[in-house]
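Accompanying notes for the structure given below.
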Amino acid sequence: MHPSNIPILGELTPGTTQRHLIKLPGAALANDEPRPVISVAGAKPGPVLFVNAGVHGGEYPAVEAVIRLGKTLDPKKISGTVILMPVLNLPAFRTRTPFVCPIDNVNPNRVFPGDPRGSYSEQMTHACINEFVVHADAYVDLHGGDIPEALVPFVICRAGNDEVAKKSKAIAMAFGLPYVLTVSKPVQPSKGHRAGAGGLSSYAAAADKGTPAILAEAGGAGQMQEEAVSLLVNGVVNVMRHLGMIDDAKFESHIANSETNSKPKPKKTARSAVATTVLTKFDWLYTKSTGVWYPKVAQGDAVREGEQIGTVGDLFGDTLEEIASPVNGVVLFLTISPSVLENGLLMGIGVE
Ligand SMILES: [Zn+2]
């Protein structure tokens, strides 16, 4: 036995997988349903990797990827410890609420690193950072398109030349998705709620605390795409290999063979090389009008500056707005549900 690297989990036994039900600290969270956490304590010492999903409650392939890692990672073959939390924002998951936490209507991924005296989401992100992220050597936050969104798989991390940013980018590249986006400022300004709780996304707050971190996205549209689950599972395994937590070539077949509910297996294995394009700017487009959204592009499409990429109409069928791309880039995510509100988010375009 050795003392846990993650105090809230108590003692972990090397070479075992343990299930925990965790009450996070914070007065606003006192009546919460306990959150499932799985610890996979390797037989040999090594880094601590923290992986969570469900910061957004409707991003299901990410949640399933964490569940599957807990069922399939073999602690006897691991150096170090993997801590897995399938759903952080449990109130949103239970109520199928996209983007925000229904208790305070705040997007948790805009209020990292949180505030122990703030609203529900601020206390929740504060607990995530202080109980888990600061005790880890690396942090992976799994996302996807939310219930009304579609996207191409990509990874985000903080830009910069400091040690943490460099390590974060190396982890992002190791994850093995088609796009890596390095950003130096928040992707979306925090609005509609008070400043002071940080106003950062998970990976940026983690980097501020000195923990190399990435945010990886796959799947969307409120569904459970098996291909997206596999991409995220394989991505985390790739990160573990990058961190020196696994070196056994048999490890992959172990993962692949133990996928129980799997439909046809993805052709790419965890080790296959993916050509990753690095993007350095993320342009988010909004509609001025409340109405009906008719996109003319799909996720993954290349767009040119000035190209018309969709329209917003009213309920008589008249066009209210023509949306043109402000940049040359690739559509990383877009809203696919037709109903949009004034200042509503339409899509995010990544720029090289
Ligand atoms: Zn998300």
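Chain labels A, B, ... are given in the sequence in which chains occur in the structure tokens; within each chain residues are numbered consecutively from 1, and ligands are likewise numbered from 1 in the order shown.
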
Wanna dump the chain A-ligand 1 contacts at 12 Å for me, each residue with its shortest atom pair and the distance in Å to one decimal, counting only C-alpha atoms and all ligand atoms, ordered by chain and number, as a Markdown table?
```
| residue | atom | partner | partner_atom_place_in_ligand_line | distance |
| --- | --- | --- | --- | --- |
| A:Asn52 | CA | ligand 1 | 1 (Zn) | 11.4 |
| A:Ala53 | CA | ligand 1 | 1 (Zn) | 8.5 |
| A:Gly54 | CA | ligand 1 | 1 (Zn) | 7.5 |
| A:Val55 | CA | ligand 1 | 1 (Zn) | 6.3 |
| A:His56 | CA | ligand 1 | 1 (Zn) | 4.8 |
| A:Gly57 | CA | ligand 1 | 1 (Zn) | 8.0 |
| A:Gly58 | CA | ligand 1 | 1 (Zn) | 8.1 |
| A:Glu59 | CA | ligand 1 | 1 (Zn) | 6.4 |
| A:Tyr60 | CA | ligand 1 | 1 (Zn) | 10.0 |
| A:Pro61 | CA | ligand 1 | 1 (Zn) | 11.0 |
| A:Ala62 | CA | ligand 1 | 1 (Zn) | 9.1 |
| A:Val63 | CA | ligand 1 | 1 (Zn) | 10.9 |
| A:Val87 | CA | ligand 1 | 1 (Zn) | 11.5 |
| A:Leu88 | CA | ligand 1 | 1 (Zn) | 11.4 |
| A:Asn89 | CA | ligand 1 | 1 (Zn) | 10.6 |
| A:Ala92 | CA | ligand 1 | 1 (Zn) | 11.6 |
| A:Phe93 | CA | ligand 1 | 1 (Zn) | 11.9 |
| A:Thr97 | CA | ligand 1 | 1 (Zn) | 11.7 |
| A:Pro98 | CA | ligand 1 | 1 (Zn) | 8.7 |
| A:Phe99 | CA | ligand 1 | 1 (Zn) | 6.9 |
| A:Val100 | CA | ligand 1 | 1 (Zn) | 9.6 |
| A:Cys101 | CA | ligand 1 | 1 (Zn) | 11.8 |
| A:Asn107 | CA | ligand 1 | 1 (Zn) | 9.3 |
| A:Pro108 | CA | ligand 1 | 1 (Zn) | 9.4 |
| A:Asn109 | CA | ligand 1 | 1 (Zn) | 7.5 |
| A:Arg110 | CA | ligand 1 | 1 (Zn) | 10.6 |
| A:Asp141 | CA | ligand 1 | 1 (Zn) | 9.0 |
| A:Leu142 | CA | ligand 1 | 1 (Zn) | 7.6 |
| A:His143 | CA | ligand 1 | 1 (Zn) | 4.4 |
| A:Gly144 | CA | ligand 1 | 1 (Zn) | 5.4 |
| A:Gly145 | CA | ligand 1 | 1 (Zn) | 6.4 |
| A:Asp146 | CA | ligand 1 | 1 (Zn) | 6.2 |
| A:Ile147 | CA | ligand 1 | 1 (Zn) | 9.8 |
| A:Pro148 | CA | ligand 1 | 1 (Zn) | 11.5 |
| A:Glu149 | CA | ligand 1 | 1 (Zn) | 10.0 |
| A:Ala150 | CA | ligand 1 | 1 (Zn) | 11.4 |
| A:Leu151 | CA | ligand 1 | 1 (Zn) | 11.0 |
| A:Phe154 | CA | ligand 1 | 1 (Zn) | 11.8 |
| A:Val155 | CA | ligand 1 | 1 (Zn) | 11.6 |
| A:Ile156 | CA | ligand 1 | 1 (Zn) | 11.5 |
| A:Ser201 | CA | ligand 1 | 1 (Zn) | 10.0 |
| A:Ser202 | CA | ligand 1 | 1 (Zn) | 10.3 |
| A:Tyr203 | CA | ligand 1 | 1 (Zn) | 12.0 |
| A:Leu215 | CA | ligand 1 | 1 (Zn) | 8.8 |
| A:Ala216 | CA | ligand 1 | 1 (Zn) | 9.0 |
| A:Glu217 | CA | ligand 1 | 1 (Zn) | 7.4 |
| A:Ala218 | CA | ligand 1 | 1 (Zn) | 9.6 |
| A:Gly219 | CA | ligand 1 | 1 (Zn) | 10.4 |
| A:Gly220 | CA | ligand 1 | 1 (Zn) | 9.4 |
| A:Ala221 | CA | ligand 1 | 1 (Zn) | 11.7 |
| A:Gly222 | CA | ligand 1 | 1 (Zn) | 11.6 |
| A:Phe333 | CA | ligand 1 | 1 (Zn) | 11.1 |
```

Report the residues of region 73-244 of chain A whose backbone DSSP state falls under helix (DSSP H, G or I), written as number ranges by chain. A: 75-77, 90-95, 108-110, 120-131, 133-135, 163-175, 202-208, 226-242

Practice item. Please provide the set of residues having any atom within 9 Å of region 119-135 of chain A, restricted to only C-alpha atoms, with same-chain residues fewer than 2 positions apart removed, written as an MDAnalysis selection string. Key: chainID A and resid 5:8 24:29 48:50 55 83 88:89 100:101 103:109 111:117 137:139 197:198 202 205:206 209:211

Taking N, CA and C atoms for each residue, export the selection above as a CSV table (one decimal), in the first residue's frame.
```
chain,number,residue,atom,x,y,z
A,5,ASN,N,-2.0,9.4,-4.4
A,5,ASN,CA,-1.6,10.7,-4.9
A,5,ASN,C,-2.8,11.7,-5.0
A,6,ILE,N,-4.0,11.1,-4.9
A,6,ILE,CA,-5.2,11.9,-4.9
A,6,ILE,C,-5.9,11.7,-3.6
A,7,PRO,N,-5.7,12.7,-2.6
A,7,PRO,CA,-6.2,12.4,-1.3
A,7,PRO,C,-7.7,12.1,-1.1
A,8,ILE,N,-8.5,12.7,-2.0
A,8,ILE,CA,-10.0,12.5,-1.8
A,8,ILE,C,-10.3,11.0,-2.1
A,24,LEU,N,-18.0,15.7,-3.7
A,24,LEU,CA,-17.0,16.8,-3.9
A,24,LEU,C,-17.3,17.8,-2.8
A,25,PRO,N,-16.2,18.5,-2.4
A,25,PRO,CA,-16.5,19.6,-1.4
A,25,PRO,C,-17.2,20.8,-2.0
A,26,GLY,N,-17.8,21.6,-1.2
A,26,GLY,CA,-18.5,22.8,-1.7
A,26,GLY,C,-19.9,22.8,-1.2
A,27,ALA,N,-20.4,23.8,-0.5
A,27,ALA,CA,-21.7,23.9,0.1
A,27,ALA,C,-22.8,23.7,-1.0
A,28,ALA,N,-22.6,24.2,-2.2
A,28,ALA,CA,-23.6,24.1,-3.2
A,28,ALA,C,-23.8,22.7,-3.7
A,29,LEU,N,-22.7,21.8,-3.5
A,29,LEU,CA,-22.7,20.5,-4.0
A,29,LEU,C,-23.1,19.5,-2.9
A,48,VAL,N,0.8,10.3,-12.7
A,48,VAL,CA,-0.7,10.2,-12.4
A,48,VAL,C,-1.4,11.0,-13.5
A,49,LEU,N,-2.3,10.3,-14.2
A,49,LEU,CA,-3.0,10.9,-15.3
A,49,LEU,C,-4.5,11.0,-14.9
A,50,PHE,N,-5.1,12.2,-14.9
A,50,PHE,CA,-6.5,12.4,-14.6
A,50,PHE,C,-7.2,12.6,-15.9
A,55,VAL,N,-18.0,17.4,-18.6
A,55,VAL,CA,-18.1,18.8,-18.2
A,55,VAL,C,-19.3,19.4,-18.8
A,83,ILE,N,-6.7,8.1,-13.1
A,83,ILE,CA,-7.9,8.4,-12.4
A,83,ILE,C,-9.0,8.8,-13.4
A,88,LEU,N,-18.5,14.8,-14.8
A,88,LEU,CA,-18.3,15.9,-13.8
A,88,LEU,C,-19.6,16.6,-13.6
A,89,ASN,N,-20.3,17.1,-14.7
A,89,ASN,CA,-21.5,17.9,-14.6
A,89,ASN,C,-22.7,16.9,-14.6
A,100,VAL,N,-24.7,23.9,-20.5
A,100,VAL,CA,-24.6,24.5,-19.1
A,100,VAL,C,-25.0,23.5,-18.1
A,101,CYS,N,-24.8,23.9,-16.9
A,101,CYS,CA,-25.4,23.1,-15.7
A,101,CYS,C,-26.7,23.7,-15.4
A,103,ILE,N,-28.5,23.8,-12.8
A,103,ILE,CA,-28.7,24.4,-11.5
A,103,ILE,C,-28.5,25.9,-11.5
A,104,ASP,N,-27.4,26.3,-12.2
A,104,ASP,CA,-27.1,27.8,-12.2
A,104,ASP,C,-27.1,28.4,-13.6
A,105,ASN,N,-27.4,27.5,-14.6
A,105,ASN,CA,-27.4,28.0,-16.0
A,105,ASN,C,-26.1,28.5,-16.5
A,106,VAL,N,-25.0,28.1,-15.9
A,106,VAL,CA,-23.6,28.5,-16.3
A,106,VAL,C,-22.9,27.4,-17.0
A,107,ASN,N,-22.2,27.8,-18.1
A,107,ASN,CA,-21.3,26.8,-18.8
A,107,ASN,C,-20.1,26.6,-18.0
A,108,PRO,N,-19.9,25.3,-17.4
A,108,PRO,CA,-18.8,25.1,-16.5
A,108,PRO,C,-17.5,25.3,-17.2
A,109,ASN,N,-17.4,25.1,-18.5
A,109,ASN,CA,-16.1,25.2,-19.2
A,109,ASN,C,-15.8,26.7,-19.5
A,111,VAL,N,-15.8,28.7,-16.5
A,111,VAL,CA,-15.6,29.2,-15.2
A,111,VAL,C,-14.6,28.4,-14.4
A,112,PHE,N,-13.6,27.7,-15.2
A,112,PHE,CA,-12.5,27.2,-14.5
A,112,PHE,C,-11.5,28.3,-14.2
A,113,PRO,N,-10.7,28.3,-13.1
A,113,PRO,CA,-10.6,27.2,-12.1
A,113,PRO,C,-11.7,27.3,-11.0
A,114,GLY,N,-12.7,28.0,-11.2
A,114,GLY,CA,-13.8,28.0,-10.2
A,114,GLY,C,-13.6,28.9,-9.0
A,115,ASP,N,-14.5,28.8,-8.1
A,115,ASP,CA,-14.5,29.6,-6.9
A,115,ASP,C,-15.3,28.8,-5.8
A,116,PRO,N,-14.6,28.5,-4.7
A,116,PRO,CA,-15.3,27.7,-3.6
A,116,PRO,C,-16.5,28.4,-3.0
A,117,ARG,N,-16.6,29.7,-3.2
A,117,ARG,CA,-17.8,30.5,-2.7
A,117,ARG,C,-18.7,30.9,-3.8
A,137,ASP,N,-0.1,14.6,-12.9
A,137,ASP,CA,1.0,15.0,-13.8
A,137,ASP,C,0.5,15.4,-15.2
A,138,ALA,N,-0.7,15.0,-15.5
A,138,ALA,CA,-1.3,15.4,-16.8
A,138,ALA,C,-2.8,15.2,-16.7
A,139,TYR,N,-3.5,16.0,-17.5
A,139,TYR,CA,-5.0,16.1,-17.4
A,139,TYR,C,-5.5,16.1,-18.8
A,197,ALA,N,-14.6,34.1,-11.4
A,197,ALA,CA,-14.4,32.6,-11.2
A,197,ALA,C,-13.3,32.1,-12.1
A,198,GLY,N,-12.6,33.0,-12.8
A,198,GLY,CA,-11.5,32.6,-13.6
A,198,GLY,C,-11.8,32.8,-15.1
A,202,SER,N,-11.1,24.3,-19.0
A,202,SER,CA,-10.4,23.3,-18.1
A,202,SER,C,-8.9,23.3,-18.4
A,205,ALA,N,-7.0,26.5,-17.3
A,205,ALA,CA,-6.8,26.6,-15.9
A,205,ALA,C,-5.9,25.6,-15.3
A,206,ALA,N,-5.9,24.3,-15.9
A,206,ALA,CA,-4.9,23.3,-15.5
A,206,ALA,C,-3.5,23.7,-15.8
A,209,LYS,N,-2.1,26.1,-13.3
A,209,LYS,CA,-1.8,25.4,-12.1
A,209,LYS,C,-0.5,24.6,-12.2
A,210,GLY,N,0.0,24.5,-13.5
A,210,GLY,CA,1.3,23.8,-13.7
A,210,GLY,C,1.0,22.3,-14.2
A,211,THR,N,-0.2,21.9,-14.4
A,211,THR,CA,-0.5,20.6,-14.9
A,211,THR,C,-0.7,20.6,-16.4
```

Excluding region 292-300 of chain A and residues on its chain fewer than 5 positions from it, collect all residues at most 9 Å away from it, counting only C-alpha atoms, and give them as a PyMOL selection string. chain A and resi 150-153+287+308-315+317+323+330-341+346-347

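Computed from the coordinates, the CA of Thr72 (chain A) to CA of Met173 (chain A) distance equals 23.4 Å.
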
- Query: Which parts of region 47-141 of chain A does DSSP call strand (DSSP E or B) when run on the backbone here, written out as a PyMOL selection string?
  - Reply: chain A and resi 47-52+79-85+101+106+112+138-141

Excluding region 244-248 of chain A and its own-chain neighbours fewer than 3 positions away, which residues fall within 6 Å of it when counting only C-alpha atoms? Please give them as number ranges by chain. A: 78-79, 240-241, 251

Residue among A:Val180, A:Leu243, A:Phe316, A:Pro326 lying closest to Trp284 (chain A), counting only C-alpha atoms =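 That would be A:Pro326, the residue with the smallest distance to Trp284 (chain A).
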
Residues at most 9 Å from Glu342 (chain A), counting only C-alpha atoms, excluding those fewer than 5 positions away in the same chain, as a PDB file with N, CA and C atoms, in the first residue's frame?
```pdb
ATOM      1  N   TYR A 286     -21.363  33.889 -34.937  1.00  0.00           N
ATOM      2  CA  TYR A 286     -22.660  33.995 -34.260  1.00  0.00           C
ATOM      3  C   TYR A 286     -23.674  34.616 -35.222  1.00  0.00           C
ATOM      4  N   THR A 287     -24.968  34.290 -35.001  1.00  0.00           N
ATOM      5  CA  THR A 287     -26.009  34.966 -35.761  1.00  0.00           C
ATOM      6  C   THR A 287     -26.478  36.198 -34.992  1.00  0.00           C
ATOM      7  N   LYS A 288     -26.799  37.263 -35.745  1.00  0.00           N
ATOM      8  CA  LYS A 288     -27.373  38.446 -35.097  1.00  0.00           C
ATOM      9  C   LYS A 288     -28.858  38.228 -34.821  1.00  0.00           C
ATOM     10  N   SER A 289     -29.474  37.319 -35.618  1.00  0.00           N
ATOM     11  CA  SER A 289     -30.934  37.220 -35.620  1.00  0.00           C
ATOM     12  C   SER A 289     -31.413  35.944 -34.942  1.00  0.00           C
ATOM     13  N   THR A 290     -32.576  36.035 -34.328  1.00  0.00           N
ATOM     14  CA  THR A 290     -33.296  34.839 -33.898  1.00  0.00           C
ATOM     15  C   THR A 290     -34.011  34.279 -35.125  1.00  0.00           C
ATOM     16  N   GLY A 291     -33.915  32.968 -35.346  1.00  0.00           N
ATOM     17  CA  GLY A 291     -34.570  32.434 -36.528  1.00  0.00           C
ATOM     18  C   GLY A 291     -34.240  30.980 -36.788  1.00  0.00           C
TER      19      GLY A 291
END
```

* Just give me the gap between CA of Gly118 (chain A) and CA of Pro102 (chain A) in Å, one decimal is fine. =>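 Between these atoms lies a distance of 15.3 Å.
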
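Using only C-alpha atoms, the nearest neighbour of Asn234 (chain A) within the list A:Ala159, A:Ala65, A:Val278, A:Ile22 is A:Ala65.
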